[in-house]
file target-v5.cif (mmCIF, C-alpha atoms)
data_query
#
loop_
_atom_site.label_atom_id
_atom_site.label_comp_id
_atom_site.auth_asym_id
_atom_site.auth_seq_id
_atom_site.Cartn_x
_atom_site.Cartn_y
_atom_site.Cartn_z
CA MET B 1262 -3.73 -21.76 4.52
CA GLU B 1263 -5.40 -19.04 2.48
CA LYS B 1264 -3.31 -16.52 0.60
CA VAL B 1265 -2.69 -13.13 2.17
CA ARG B 1266 -4.46 -10.56 0.01
CA PHE B 1267 -2.18 -7.58 -0.61
CA GLY B 1268 -2.97 -4.08 -1.74
CA ILE B 1269 -0.39 -1.53 -2.85
CA ILE B 1270 -0.73 2.21 -2.32
CA GLY B 1271 1.38 4.02 -4.89
CA ILE B 1272 2.11 2.35 -8.22
CA GLY B 1273 5.26 4.24 -9.17
CA ASN B 1274 8.77 2.83 -9.43
CA ILE B 1275 8.88 0.65 -6.30
CA GLY B 1276 5.14 0.00 -6.22
CA THR B 1277 5.40 -1.48 -9.70
CA VAL B 1278 8.22 -3.76 -8.52
CA HIS B 1279 6.02 -5.03 -5.69
CA ALA B 1280 3.07 -5.50 -8.05
CA ARG B 1281 5.11 -7.53 -10.54
CA TYR B 1282 6.40 -10.08 -8.05
CA LEU B 1283 2.99 -10.46 -6.41
CA LEU B 1284 1.33 -10.90 -9.81
CA ALA B 1285 3.96 -13.46 -10.80
CA GLY B 1286 3.22 -15.55 -7.71
CA THR B 1287 6.80 -15.22 -6.48
CA VAL B 1288 5.68 -14.99 -2.85
CA ASN B 1289 4.02 -18.19 -1.68
CA ASP B 1290 0.67 -17.64 0.01
CA ALA B 1291 0.38 -14.01 -1.16
CA CYS B 1292 -1.58 -12.42 -3.98
CA LEU B 1293 -2.29 -8.92 -5.24
CA THR B 1294 -5.98 -8.10 -4.91
CA ALA B 1295 -6.12 -4.27 -5.13
CA VAL B 1296 -3.97 -1.27 -6.01
CA CYS B 1297 -4.30 2.45 -5.40
CA ASP B 1298 -2.78 5.49 -7.03
CA ASN B 1299 -4.12 9.02 -6.75
CA ALA B 1300 -2.73 10.11 -10.15
CA PRO B 1301 -5.50 9.36 -12.66
CA GLU B 1302 -3.18 10.01 -15.59
CA LYS B 1303 -1.23 6.88 -14.53
CA HIS B 1304 -4.32 4.65 -14.39
CA PRO B 1305 -4.18 3.41 -18.01
CA ALA B 1306 -0.59 2.16 -17.53
CA ILE B 1307 -1.47 0.68 -14.13
CA ARG B 1308 -4.47 -1.07 -15.66
CA GLN B 1309 -2.18 -2.64 -18.28
CA LEU B 1310 0.07 -3.92 -15.50
CA VAL B 1311 -2.60 -5.29 -13.12
CA GLY B 1312 -5.37 -6.30 -15.51
CA ALA B 1313 -8.76 -6.68 -13.83
CA ILE B 1314 -7.49 -6.18 -10.27
CA PRO B 1315 -9.47 -3.36 -8.61
CA LEU B 1316 -7.79 0.03 -9.01
CA PHE B 1317 -8.59 2.78 -6.51
CA SER B 1318 -7.84 6.51 -6.50
CA ASP B 1319 -8.43 6.85 -2.75
CA ALA B 1320 -6.33 4.91 -0.22
CA GLN B 1321 -9.00 4.94 2.48
CA GLU B 1322 -11.52 3.46 0.05
CA MET B 1323 -9.14 0.61 -0.82
CA ILE B 1324 -8.23 0.01 2.84
CA GLN B 1325 -11.88 -0.20 3.83
CA SER B 1326 -12.96 -2.21 0.76
CA GLY B 1327 -12.61 -5.62 2.40
CA LEU B 1328 -10.41 -6.72 -0.50
CA ILE B 1329 -7.07 -6.72 1.35
CA ASP B 1330 -5.49 -8.21 4.45
CA ALA B 1331 -2.18 -6.37 4.09
CA VAL B 1332 -0.91 -3.26 2.35
CA ILE B 1333 2.41 -2.04 1.00
CA VAL B 1334 2.78 1.74 1.25
CA ALA B 1335 4.97 2.75 -1.70
CA THR B 1336 4.10 6.42 -2.08
CA PRO B 1337 6.36 9.47 -1.90
CA HIS B 1338 8.13 9.54 1.49
CA TYR B 1339 6.09 12.39 3.00
CA GLU B 1340 2.93 10.26 2.85
CA HIS B 1341 4.36 7.10 4.43
CA PRO B 1342 3.38 7.80 8.08
CA ARG B 1343 -0.14 9.06 7.34
CA LEU B 1344 -1.06 6.19 5.04
CA SER B 1345 0.59 3.56 7.21
CA MET B 1346 -1.32 4.77 10.27
CA LEU B 1347 -4.57 4.83 8.29
CA ALA B 1348 -4.06 1.20 7.32
CA MET B 1349 -3.02 0.08 10.82
CA ARG B 1350 -5.99 1.81 12.43
CA ASN B 1351 -8.25 -0.12 10.07
CA GLY B 1352 -6.75 -3.47 11.06
CA ILE B 1353 -4.65 -3.91 7.93
CA ASN B 1354 -1.18 -5.45 8.24
CA THR B 1355 1.17 -2.76 6.96
CA LEU B 1356 4.53 -2.76 5.23
CA CYS B 1357 5.93 0.74 4.76
CA GLU B 1358 8.62 1.30 2.17
CA LYS B 1359 11.76 3.07 3.30
CA PRO B 1360 12.29 5.60 4.57
CA ALA B 1361 9.56 5.32 7.18
CA GLY B 1362 9.05 9.06 6.88
CA VAL B 1363 10.78 12.37 6.50
CA TYR B 1364 10.25 13.88 9.94
CA THR B 1365 11.27 12.13 13.17
CA ALA B 1366 8.09 13.16 15.00
CA GLN B 1367 5.89 11.60 12.30
CA VAL B 1368 7.85 8.36 12.38
CA GLN B 1369 7.62 8.26 16.17
CA GLU B 1370 3.86 8.78 15.90
CA MET B 1371 3.66 5.98 13.33
CA ASN B 1372 5.68 3.64 15.58
CA ALA B 1373 3.41 4.44 18.52
CA CYS B 1374 0.38 3.70 16.34
CA ALA B 1375 1.89 0.33 15.39
CA ARG B 1376 2.37 -0.55 19.04
CA GLU B 1377 -1.24 0.43 19.84
CA CYS B 1378 -2.69 -1.46 16.89
#
call {"tool": "encode", "arguments": {"input": "target-v5.cif", "output": "structure tokens"}}
result
Amino acid sequence: MEKVRFGIIGIGNIGTVHARYLLAGTVNDACLTAVCDNAPEKHPAIRQLVGAIPLFSDAQEMIQSGLIDAVIVATPHYEHPRLSMLAMRNGINTLCEKPAGVYTAQVQEMNACAREC
């Protein structure tokens, strides 16, 4: 079986935790192949963490890059539904950090999108 290629959107506190265990090979059959953070001032620190792994500023660009099979959405809570739906609609397996969202209607929309995809 080939490894599942993961991307992470949001390399802050929890995104860094996810990156570290994927980089360490802690999860069998999974590897980190791309990361995304829209704060360019954080890119030097992210680069130190992930080395040569592709680093994107735009989530859609990473999702459509062909580099990932799955994504972990680890951004601020307000962005969880939008980014999760973007990934799902592009055929990417999606893990959304908690909480799923801030507003019930957005989470319901995200859940409906998951059922459709």
call {"tool": "resolve_selection", "arguments": {"input": "target-v5.cif", "expression": "the PyMOL selection byres ((chain B and resi 1341) around 12)", "output": "number ranges by chain"}}
result
B: 1270-1271, 1320, 1332-1340, 1342-1348, 1355-1364, 1367-1368, 1370-1372
call {"tool": "write_last_selection", "arguments": {"input": "target-v5.cif", "atoms": "C-alpha atoms", "output": "compact mmCIF listing (two decimals), keeping the file's coordinate frame"}}
result
# COMPACT_ATOMS: atom_id res chain seq x y z
CA ILE B 1270 -0.73 2.21 -2.32
CA GLY B 1271 1.38 4.02 -4.89
CA ALA B 1320 -6.33 4.91 -0.22
CA VAL B 1332 -0.91 -3.26 2.35
CA ILE B 1333 2.41 -2.04 1.00
CA VAL B 1334 2.78 1.74 1.25
CA ALA B 1335 4.97 2.75 -1.70
CA THR B 1336 4.10 6.42 -2.08
CA PRO B 1337 6.36 9.47 -1.90
CA HIS B 1338 8.13 9.54 1.49
CA TYR B 1339 6.09 12.39 3.00
CA GLU B 1340 2.93 10.26 2.85
CA PRO B 1342 3.38 7.80 8.08
CA ARG B 1343 -0.14 9.06 7.34
CA LEU B 1344 -1.06 6.19 5.04
CA SER B 1345 0.59 3.56 7.21
CA MET B 1346 -1.32 4.77 10.27
CA LEU B 1347 -4.57 4.83 8.29
CA ALA B 1348 -4.06 1.20 7.32
CA THR B 1355 1.17 -2.76 6.96
CA LEU B 1356 4.53 -2.76 5.23
CA CYS B 1357 5.93 0.74 4.76
CA GLU B 1358 8.62 1.30 2.17
CA LYS B 1359 11.76 3.07 3.30
CA PRO B 1360 12.29 5.60 4.57
CA ALA B 1361 9.56 5.32 7.18
CA GLY B 1362 9.05 9.06 6.88
CA VAL B 1363 10.78 12.37 6.50
CA TYR B 1364 10.25 13.88 9.94
CA GLN B 1367 5.89 11.60 12.30
CA VAL B 1368 7.85 8.36 12.38
CA GLU B 1370 3.86 8.78 15.90
CA MET B 1371 3.66 5.98 13.33
CA ASN B 1372 5.68 3.64 15.58
call {"tool": "resolve_selection", "arguments": {"input": "target-v5.cif", "expression": "the PyMOL selection byres ((chain B and resi 1311-1318) around 6)", "output": "PDB file with C-alpha atoms, keeping the file's coordinate frame"}}
result
ATOM      1  CA  THR B1294      -5.980  -8.100  -4.910  1.00  0.00           C
ATOM      2  CA  ALA B1295      -6.120  -4.270  -5.130  1.00  0.00           C
ATOM      3  CA  VAL B1296      -3.970  -1.270  -6.010  1.00  0.00           C
ATOM      4  CA  CYS B1297      -4.300   2.450  -5.400  1.00  0.00           C
ATOM      5  CA  ASP B1298      -2.780   5.490  -7.030  1.00  0.00           C
ATOM      6  CA  ASN B1299      -4.120   9.020  -6.750  1.00  0.00           C
ATOM      7  CA  ARG B1308      -4.470  -1.070 -15.660  1.00  0.00           C
ATOM      8  CA  GLN B1309      -2.180  -2.640 -18.280  1.00  0.00           C
ATOM      9  CA  LEU B1310       0.070  -3.920 -15.500  1.00  0.00           C
ATOM     10  CA  ASP B1319      -8.430   6.850  -2.750  1.00  0.00           C
TER      11      ASP B1319
END
call {"tool": "resolve_selection", "arguments": {"input": "target-v5.cif", "expression": "the PyMOL selection byres ((chain B and resi 1265) around 6)", "output": "list of chain:residue names"}}
result
B:Lys1264, B:Arg1266, B:Ala1291
call {"tool": "atom_distance", "arguments": {"input": "target-v5.cif", "atom1": "atom CA of B:Ile1324", "atom2": "atom CA of B:Leu1293"}}
result
13.4 Å
call {"tool": "residues_around", "arguments": {"input": "target-v5.cif", "residues": "B:Cys1374", "least_positions_apart": "5", "cutoff": "9 Å", "atoms": "all atoms listed in the file", "output": "PyMOL selection string"}}
result
chain B and resi 1346+1349-1350+1369
call {"tool": "closest_residue", "arguments": {"input": "target-v5.cif", "among": "B:Glu1263, B:Asp1330, B:Glu1322, B:Glu1377", "to": "B:Asn1354", "atoms": "all atoms listed in the file"}}
result
B:Asp1330
call {"tool": "closest_residue", "arguments": {"input": "target-v5.cif", "among": "B:Cys1378, B:Ile1353, B:Val1288, B:Ala1373", "to": "B:Gly1268", "atoms": "only C-alpha atoms"}}
result
B:Ile1353
call {"tool": "atom_distance", "arguments": {"input": "target-v5.cif", "atom1": "atom CA of B:Ala1331", "atom2": "atom CA of B:Ala1285"}}
result
17.6 Å
call {"tool": "atom_distance", "arguments": {"input": "target-v5.cif", "atom1": "atom CA of B:Ile1269", "atom2": "atom CA of B:Glu1302"}}
result
17.4 Å
call {"tool": "closest_residue", "arguments": {"input": "target-v5.cif", "among": "B:Asn1351, B:Ile1329, B:Ile1272, B:Arg1281", "to": "B:Pro1305", "atoms": "only C-alpha atoms"}}
result
B:Ile1272
call {"tool": "decode", "arguments": {"input": "target-v5.cif", "residues": "stretch 1330-1359 of chain B", "atoms": "N, CA and C atoms", "output": "PDB file, in the first residue's frame"}}
result
ATOM      1  N   ASP B1330      -3.313  13.701  -0.998  1.00  0.00           N
ATOM      2  CA  ASP B1330      -4.504  12.852  -1.049  1.00  0.00           C
ATOM      3  C   ASP B1330      -5.487  13.252   0.055  1.00  0.00           C
ATOM      4  N   ALA B1331      -4.953  13.830   1.115  1.00  0.00           N
ATOM      5  CA  ALA B1331      -5.737  14.182   2.295  1.00  0.00           C
ATOM      6  C   ALA B1331      -5.209  15.496   2.854  1.00  0.00           C
ATOM      7  N   VAL B1332      -6.084  16.194   3.588  1.00  0.00           N
ATOM      8  CA  VAL B1332      -5.683  17.464   4.167  1.00  0.00           C
ATOM      9  C   VAL B1332      -6.188  17.558   5.601  1.00  0.00           C
ATOM     10  N   ILE B1333      -5.402  18.212   6.429  1.00  0.00           N
ATOM     11  CA  ILE B1333      -5.808  18.558   7.786  1.00  0.00           C
ATOM     12  C   ILE B1333      -6.010  20.062   7.798  1.00  0.00           C
ATOM     13  N   VAL B1334      -7.220  20.500   8.138  1.00  0.00           N
ATOM     14  CA  VAL B1334      -7.533  21.926   8.227  1.00  0.00           C
ATOM     15  C   VAL B1334      -7.301  22.343   9.678  1.00  0.00           C
ATOM     16  N   ALA B1335      -6.278  23.145   9.904  1.00  0.00           N
ATOM     17  CA  ALA B1335      -5.866  23.541  11.250  1.00  0.00           C
ATOM     18  C   ALA B1335      -5.728  25.059  11.355  1.00  0.00           C
ATOM     19  N   THR B1336      -6.657  25.744  10.737  1.00  0.00           N
ATOM     20  CA  THR B1336      -6.657  27.206  10.697  1.00  0.00           C
ATOM     21  C   THR B1336      -7.495  27.758  11.856  1.00  0.00           C
ATOM     22  N   PRO B1337      -7.594  29.081  11.981  1.00  0.00           N
ATOM     23  CA  PRO B1337      -8.554  29.626  12.936  1.00  0.00           C
ATOM     24  C   PRO B1337      -9.968  29.108  12.623  1.00  0.00           C
ATOM     25  N   HIS B1338     -10.761  28.936  13.665  1.00  0.00           N
ATOM     26  CA  HIS B1338     -12.067  28.270  13.593  1.00  0.00           C
ATOM     27  C   HIS B1338     -12.993  28.812  12.512  1.00  0.00           C
ATOM     28  N   TYR B1339     -12.995  30.097  12.285  1.00  0.00           N
ATOM     29  CA  TYR B1339     -13.928  30.698  11.324  1.00  0.00           C
ATOM     30  C   TYR B1339     -13.702  30.187   9.901  1.00  0.00           C
ATOM     31  N   GLU B1340     -12.505  29.729   9.610  1.00  0.00           N
ATOM     32  CA  GLU B1340     -12.168  29.260   8.263  1.00  0.00           C
ATOM     33  C   GLU B1340     -12.400  27.763   8.062  1.00  0.00           C
ATOM     34  N   HIS B1341     -12.647  27.020   9.115  1.00  0.00           N
ATOM     35  CA  HIS B1341     -12.776  25.566   9.006  1.00  0.00           C
ATOM     36  C   HIS B1341     -13.795  25.118   7.953  1.00  0.00           C
ATOM     37  N   PRO B1342     -15.043  25.603   7.998  1.00  0.00           N
ATOM     38  CA  PRO B1342     -16.020  25.120   7.004  1.00  0.00           C
ATOM     39  C   PRO B1342     -15.628  25.437   5.570  1.00  0.00           C
ATOM     40  N   ARG B1343     -15.229  26.664   5.306  1.00  0.00           N
ATOM     41  CA  ARG B1343     -14.903  27.068   3.936  1.00  0.00           C
ATOM     42  C   ARG B1343     -13.771  26.228   3.362  1.00  0.00           C
ATOM     43  N   LEU B1344     -12.703  26.086   4.119  1.00  0.00           N
ATOM     44  CA  LEU B1344     -11.542  25.341   3.625  1.00  0.00           C
ATOM     45  C   LEU B1344     -11.819  23.841   3.539  1.00  0.00           C
ATOM     46  N   SER B1345     -12.582  23.326   4.476  1.00  0.00           N
ATOM     47  CA  SER B1345     -12.936  21.906   4.420  1.00  0.00           C
ATOM     48  C   SER B1345     -13.787  21.612   3.188  1.00  0.00           C
ATOM     49  N   MET B1346     -14.757  22.473   2.912  1.00  0.00           N
ATOM     50  CA  MET B1346     -15.598  22.271   1.733  1.00  0.00           C
ATOM     51  C   MET B1346     -14.794  22.406   0.447  1.00  0.00           C
ATOM     52  N   LEU B1347     -13.863  23.341   0.412  1.00  0.00           N
ATOM     53  CA  LEU B1347     -12.999  23.498  -0.759  1.00  0.00           C
ATOM     54  C   LEU B1347     -12.234  22.203  -1.026  1.00  0.00           C
ATOM     55  N   ALA B1348     -11.675  21.627   0.018  1.00  0.00           N
ATOM     56  CA  ALA B1348     -10.928  20.378  -0.143  1.00  0.00           C
ATOM     57  C   ALA B1348     -11.845  19.243  -0.581  1.00  0.00           C
ATOM     58  N   MET B1349     -12.984  19.084   0.079  1.00  0.00           N
ATOM     59  CA  MET B1349     -13.898  17.991  -0.257  1.00  0.00           C
ATOM     60  C   MET B1349     -14.385  18.095  -1.701  1.00  0.00           C
ATOM     61  N   ARG B1350     -14.692  19.302  -2.123  1.00  0.00           N
ATOM     62  CA  ARG B1350     -15.187  19.494  -3.497  1.00  0.00           C
ATOM     63  C   ARG B1350     -14.119  19.216  -4.540  1.00  0.00           C
ATOM     64  N   ASN B1351     -12.875  19.179  -4.112  1.00  0.00           N
ATOM     65  CA  ASN B1351     -11.770  18.854  -5.018  1.00  0.00           C
ATOM     66  C   ASN B1351     -11.303  17.414  -4.851  1.00  0.00           C
ATOM     67  N   GLY B1352     -12.109  16.594  -4.173  1.00  0.00           N
ATOM     68  CA  GLY B1352     -11.805  15.180  -4.042  1.00  0.00           C
ATOM     69  C   GLY B1352     -10.724  14.843  -3.036  1.00  0.00           C
ATOM     70  N   ILE B1353     -10.454  15.741  -2.116  1.00  0.00           N
ATOM     71  CA  ILE B1353      -9.419  15.525  -1.112  1.00  0.00           C
ATOM     72  C   ILE B1353     -10.067  15.045   0.185  1.00  0.00           C
ATOM     73  N   ASN B1354      -9.575  13.936   0.720  1.00  0.00           N
ATOM     74  CA  ASN B1354     -10.041  13.469   2.030  1.00  0.00           C
ATOM     75  C   ASN B1354      -9.700  14.547   3.057  1.00  0.00           C
ATOM     76  N   THR B1355     -10.656  14.858   3.934  1.00  0.00           N
ATOM     77  CA  THR B1355     -10.522  16.041   4.776  1.00  0.00           C
ATOM     78  C   THR B1355     -10.714  15.737   6.252  1.00  0.00           C
ATOM     79  N   LEU B1356      -9.761  16.162   7.055  1.00  0.00           N
ATOM     80  CA  LEU B1356      -9.868  16.122   8.501  1.00  0.00           C
ATOM     81  C   LEU B1356      -9.898  17.571   8.969  1.00  0.00           C
ATOM     82  N   CYS B1357     -10.973  17.945   9.640  1.00  0.00           N
ATOM     83  CA  CYS B1357     -11.127  19.316  10.126  1.00  0.00           C
ATOM     84  C   CYS B1357     -10.901  19.328  11.626  1.00  0.00           C
ATOM     85  N   GLU B1358      -9.980  20.158  12.065  1.00  0.00           N
ATOM     86  CA  GLU B1358      -9.735  20.318  13.494  1.00  0.00           C
ATOM     87  C   GLU B1358     -11.002  20.824  14.179  1.00  0.00           C
ATOM     88  N   LYS B1359     -11.087  20.620  15.461  1.00  0.00           N
ATOM     89  CA  LYS B1359     -12.233  21.097  16.227  1.00  0.00           C
ATOM     90  C   LYS B1359     -12.042  22.549  16.621  1.00  0.00           C
TER      91      LYS B1359
END
